[in-house]
Amino acid sequence: QVTGYLDDCTCDVETIDAFNNYKLFPRLNELLESDYFRYYKVNLQKPCPFWEDNSHCGMRDCAVQPCPSDEVPDGIRDGSYKYSEEANNLAEECEEAKRLGAVDDSLSKEARQAVLQWAQHDDSSDSFCEADDIHSPDAEYVDLLLNPERYTGYKGPDAWKIWNSIYEENCFKPQNVKRPLASGRGESFIYLTKWVSRVCVEKRAFYRLISGLHASINIHLSARYLLQDSWSEKKWGPNVTEFQQRFDEVLTRGEGPRRLKNLYFLYLIELRALSKVLPFFERPGFQLYTGNKSQDAEMKHLLLEILHLAKSFPLHFDENSFFAGNKKEAAKLKEEFRLHFKNISKIMDCVGCFKCRLWGKLQTQGLGTALKILFSENLIEKIPESGPSYGFQLTRQEIVALFNAFGR
């Protein structure tokens with residue numbers, strides 16, 4: 001049922017399947033099992049900013065097992081900024097500047113504060129996500145391979161409240177359209193199909209990215225479902241009934257295949273971002289720094305192989321159709337896009353199940369990083385081969401989230 005061309009694209013499902021399954025995914029999987037990409041630092045203790053929420057999932061499968069710090073490779077633990085020589089040099093320069101009292105003492109306190117705010121604004125103005133403060137005492141490293149995304153038993157009103165607020169508040173929805181979640185209908189969705197076909201390509205794309213993310217999460221919950229839970233063993237595996245309830249054409253009144261096509265759309269957007277960001281990773285100064293020199297070099301080689309492969313894909317999504325109209329309107333729409341997405345990343349702190357929260361935060365940060373790349377194309381093209389990558393930077397957190405989200 002999921003076959004043929006994707007809306008708003010020149011690409012079809014079969015081309016993506018063949019490219020991904022035989023060429024890209026085996027290499028990507030190897031990369032994601034390496035030390036650099038398996039450890040993600042996350043703050044799971046942040047309070048929900050939108051409503052009072054104490055409904056934490058009490059089930060043991062909702063728990064996340066953080067890493068004892070001695071298990072995290074030294075290179076990662078010693079400072080998340082140490083992912084390239086350039087960043088190390090920059091850090092040393094900063095230390096030197098602090099010692100020399102770089103802020104001119106003749107500046108008033110207000111002026112100094114303004115300089116600091118400018119720097120913070122410069123860091124945040126291209127960001128699509130509300131990033132965790134990884135220096136917070138509550139932020140901990142998590143081994144993603146030991147905490148896989150799977151069914152945890154977290155469902156019902158609390159889980160629906162999350163998705164409801166994501167669709168309701170963040171999908172540019174006109175007031176007169178019915179809510180995407182039918183009230184009192186439990187597992188049933190009323191999607192905004194007719195409305196989606198009428199709006200501009202950017203708003204439609206935004207909706208389809210969120211729908212694709214939702215589909216991805218639901219597929220993983222169905223594929224790694226708790227099939228047996230006894231005192232002696234737990235067995236996880238595919239739950240076909242669960243999958244059909246969410247994606248079968250008849251049971252979802254034609255919506256299921258569309259949701260799956262939105263997943264392909266999400267894949268194309270993230271693949272396009274990987275093809276665009278190659279100059280940032282290609283520089284000799286960039287390294288996947290874990291402290292293990294030979295493994296770091298090997299993984300960088302594999303990373304570049306994946307990015308070159310992404311670039312070679314024949315039917316890329318053409319993001320030039322985004323924000324292509326009136327300059328003023330386009331800038332306004334882009335900013336709206338960014339703020340809507342930032343809001344969604346904040347909603348992830350309201351997820352009551354910690355394992356779902358971990359994977360929700362990671363995947364929204366990954367998609368946010370992909371959007372940041374696509375909207376920074378001019379800056380990326382200007383990156384010099386050596387020295388600082390002025391104007392465009394990715395933190396280790398963003399890099400780990402980008403590739404793991406794509407891996408999902």
# chains A, B, ... in the order shown; residues from 1 in each chain; ligands from 1
>>> closest_atom_pairs(of="range 211-283 of chain A", to="range 139-148 of chain A", cutoff="12 Å", atoms="only C-alpha atoms", output="Markdown table")
| residue | atom | partner | partner_atom | distance |
| --- | --- | --- | --- | --- |
| A:Ile217 | CA | A:Pro148 | CA | 11.8 |
| A:His220 | CA | A:Pro148 | CA | 9.6 |
| A:Leu221 | CA | A:Pro148 | CA | 10.4 |
| A:Ala223 | CA | A:Pro148 | CA | 11.7 |
| A:Arg224 | CA | A:Pro148 | CA | 9.1 |
| A:Tyr225 | CA | A:Pro148 | CA | 11.6 |
| A:Trp236 | CA | A:Pro148 | CA | 11.3 |
>>> select_by_dssp(residues="range 203-391 of chain A", states="alpha helix (DSSP H)", output="MDAnalysis selection string")
chainID A and resid 203:223 240:247 255:276 278:282 293:312 327:347 354:374 377:381
>>> write_last_selection(atoms="C-alpha atoms", output="compact mmCIF listing (two decimals), in the first residue's frame")
# COMPACT_ATOMS: atom_id res chain seq x y z
CA LYS A 203 3.25 24.56 6.52
CA ARG A 204 2.38 21.28 4.87
CA ALA A 205 6.00 20.14 5.22
CA PHE A 206 6.05 21.08 8.90
CA TYR A 207 2.94 19.00 9.55
CA ARG A 208 4.35 16.07 7.58
CA LEU A 209 7.65 16.15 9.52
CA ILE A 210 5.76 15.91 12.82
CA SER A 211 3.52 13.16 11.44
CA GLY A 212 6.63 11.31 10.16
CA LEU A 213 8.28 11.57 13.57
CA HIS A 214 5.09 10.23 15.18
CA ALA A 215 5.01 7.34 12.70
CA SER A 216 8.66 6.50 13.38
CA ILE A 217 8.06 6.33 17.14
CA ASN A 218 4.93 4.19 16.69
CA ILE A 219 6.76 1.78 14.37
CA HIS A 220 9.52 1.28 16.94
CA LEU A 221 6.97 0.67 19.70
CA SER A 222 5.21 -1.93 17.53
CA ALA A 223 8.44 -3.60 16.36
CA VAL A 240 1.50 -7.01 14.20
CA THR A 241 -1.89 -6.11 15.73
CA GLU A 242 -0.45 -2.97 17.30
CA PHE A 243 1.12 -2.00 13.97
CA GLN A 244 -2.13 -2.57 12.06
CA GLN A 245 -4.14 -0.45 14.49
CA ARG A 246 -1.89 2.49 13.68
CA PHE A 247 -1.14 1.95 9.99
CA GLU A 255 -4.71 7.43 6.97
CA GLY A 256 -2.15 4.69 7.77
CA PRO A 257 -0.34 4.63 4.41
CA ARG A 258 -0.25 8.45 4.45
CA ARG A 259 1.42 8.40 7.86
CA LEU A 260 4.03 5.98 6.52
CA LYS A 261 4.62 8.20 3.49
CA ASN A 262 5.25 11.07 5.91
CA LEU A 263 7.98 8.91 7.46
CA TYR A 264 9.63 8.69 4.01
CA PHE A 265 9.29 12.47 3.72
CA LEU A 266 11.07 12.89 7.09
CA TYR A 267 13.81 10.53 5.85
CA LEU A 268 14.30 12.65 2.71
CA ILE A 269 14.59 15.87 4.71
CA GLU A 270 17.22 14.41 7.07
CA LEU A 271 19.09 12.75 4.18
CA ARG A 272 19.19 16.13 2.41
CA ALA A 273 20.67 17.76 5.52
CA LEU A 274 23.43 15.10 5.68
CA SER A 275 24.29 15.74 2.04
CA LYS A 276 24.57 19.49 2.74
CA LEU A 278 29.65 17.46 4.30
CA PRO A 279 32.03 20.53 4.21
CA PHE A 280 31.74 20.91 8.00
CA PHE A 281 32.87 17.31 8.67
CA GLU A 282 35.39 17.09 5.81
CA LYS A 293 43.00 7.74 18.18
CA SER A 294 42.78 4.78 15.82
CA GLN A 295 39.06 4.24 16.40
CA ASP A 296 38.40 7.99 16.04
CA ALA A 297 40.16 8.03 12.65
CA GLU A 298 38.31 4.90 11.50
CA MET A 299 34.91 6.35 12.49
CA LYS A 300 35.62 9.66 10.79
CA HIS A 301 36.42 7.73 7.61
CA LEU A 302 33.11 5.84 7.93
CA LEU A 303 31.23 9.08 8.66
CA LEU A 304 32.58 10.72 5.50
CA GLU A 305 31.72 7.61 3.48
CA ILE A 306 28.11 7.91 4.71
CA LEU A 307 27.95 11.64 3.92
CA HIS A 308 29.35 11.11 0.40
CA LEU A 309 26.80 8.34 -0.08
CA ALA A 310 24.03 10.72 1.09
CA LYS A 311 25.27 13.28 -1.43
CA SER A 312 25.15 10.71 -4.25
CA LYS A 327 11.50 37.99 1.12
CA LYS A 328 9.72 39.64 4.05
CA GLU A 329 6.98 36.99 4.13
CA ALA A 330 9.57 34.22 3.79
CA ALA A 331 11.63 35.54 6.73
CA LYS A 332 8.51 35.78 8.89
CA LEU A 333 7.44 32.25 7.98
CA LYS A 334 10.91 30.84 8.63
CA GLU A 335 10.99 32.42 12.10
CA GLU A 336 7.50 31.03 12.80
CA PHE A 337 8.72 27.60 11.68
CA ARG A 338 11.70 27.82 14.05
CA LEU A 339 9.64 28.93 17.05
CA HIS A 340 6.97 26.27 16.47
CA PHE A 341 9.65 23.59 16.38
CA LYS A 342 11.36 25.01 19.46
CA ASN A 343 8.05 24.71 21.27
CA ILE A 344 7.79 21.03 20.32
CA SER A 345 11.26 20.38 21.72
CA LYS A 346 10.11 21.93 25.04
CA ILE A 347 6.99 19.70 25.13
CA PHE A 354 11.76 8.72 30.96
CA LYS A 355 12.73 6.32 28.18
CA CYS A 356 10.14 7.92 25.85
CA ARG A 357 11.40 11.34 26.95
CA LEU A 358 15.01 10.38 26.14
CA TRP A 359 14.17 9.22 22.60
CA GLY A 360 11.71 12.08 22.06
CA LYS A 361 14.33 14.67 23.02
CA LEU A 362 17.00 12.98 20.93
CA GLN A 363 14.82 12.74 17.81
CA THR A 364 13.49 16.29 18.03
CA GLN A 365 17.04 17.60 18.53
CA GLY A 366 18.14 15.52 15.52
CA LEU A 367 15.39 16.90 13.29
CA GLY A 368 16.01 20.42 14.64
CA THR A 369 19.70 20.04 13.72
CA ALA A 370 18.73 18.88 10.20
CA LEU A 371 16.55 22.00 9.80
CA LYS A 372 19.35 24.21 11.12
CA ILE A 373 21.68 22.72 8.46
CA LEU A 374 19.17 23.24 5.63
CA GLU A 377 23.46 26.45 3.49
CA ASN A 378 25.13 29.76 2.66
CA LEU A 379 27.22 29.64 5.84
CA ILE A 380 28.24 26.01 5.25
CA GLU A 381 29.40 26.77 1.71
>>> closest_residue(among="A:Trp231, A:Tyr36, A:Phe128, A:Phe50", to="Asp74 in chain A", atoms="only C-alpha atoms")
A:Tyr36
>>> atom_distance(atom1="CA of Asp61 in chain A", atom2="CA of Thr152 in chain A")
5.0 Å
>>> select_by_dssp(residues="range 191-391 of chain A", states="strand (DSSP E or B)", output="NGL selection string")
:A and (225-229 or 234-237 or 286)
>>> atom_distance(atom1="CA of Met348 in chain A", atom2="CA of Phe37 in chain A")
21.2 Å
>>> closest_residue(among="A:Lys382, A:His316, A:Lys46, A:Arg408", to="Thr15 in chain A", atoms="only C-alpha atoms")
A:His316
>>> atom_distance(atom1="CA of Glu149 in chain A", atom2="CA of Cys62 in chain A")
10.2 Å
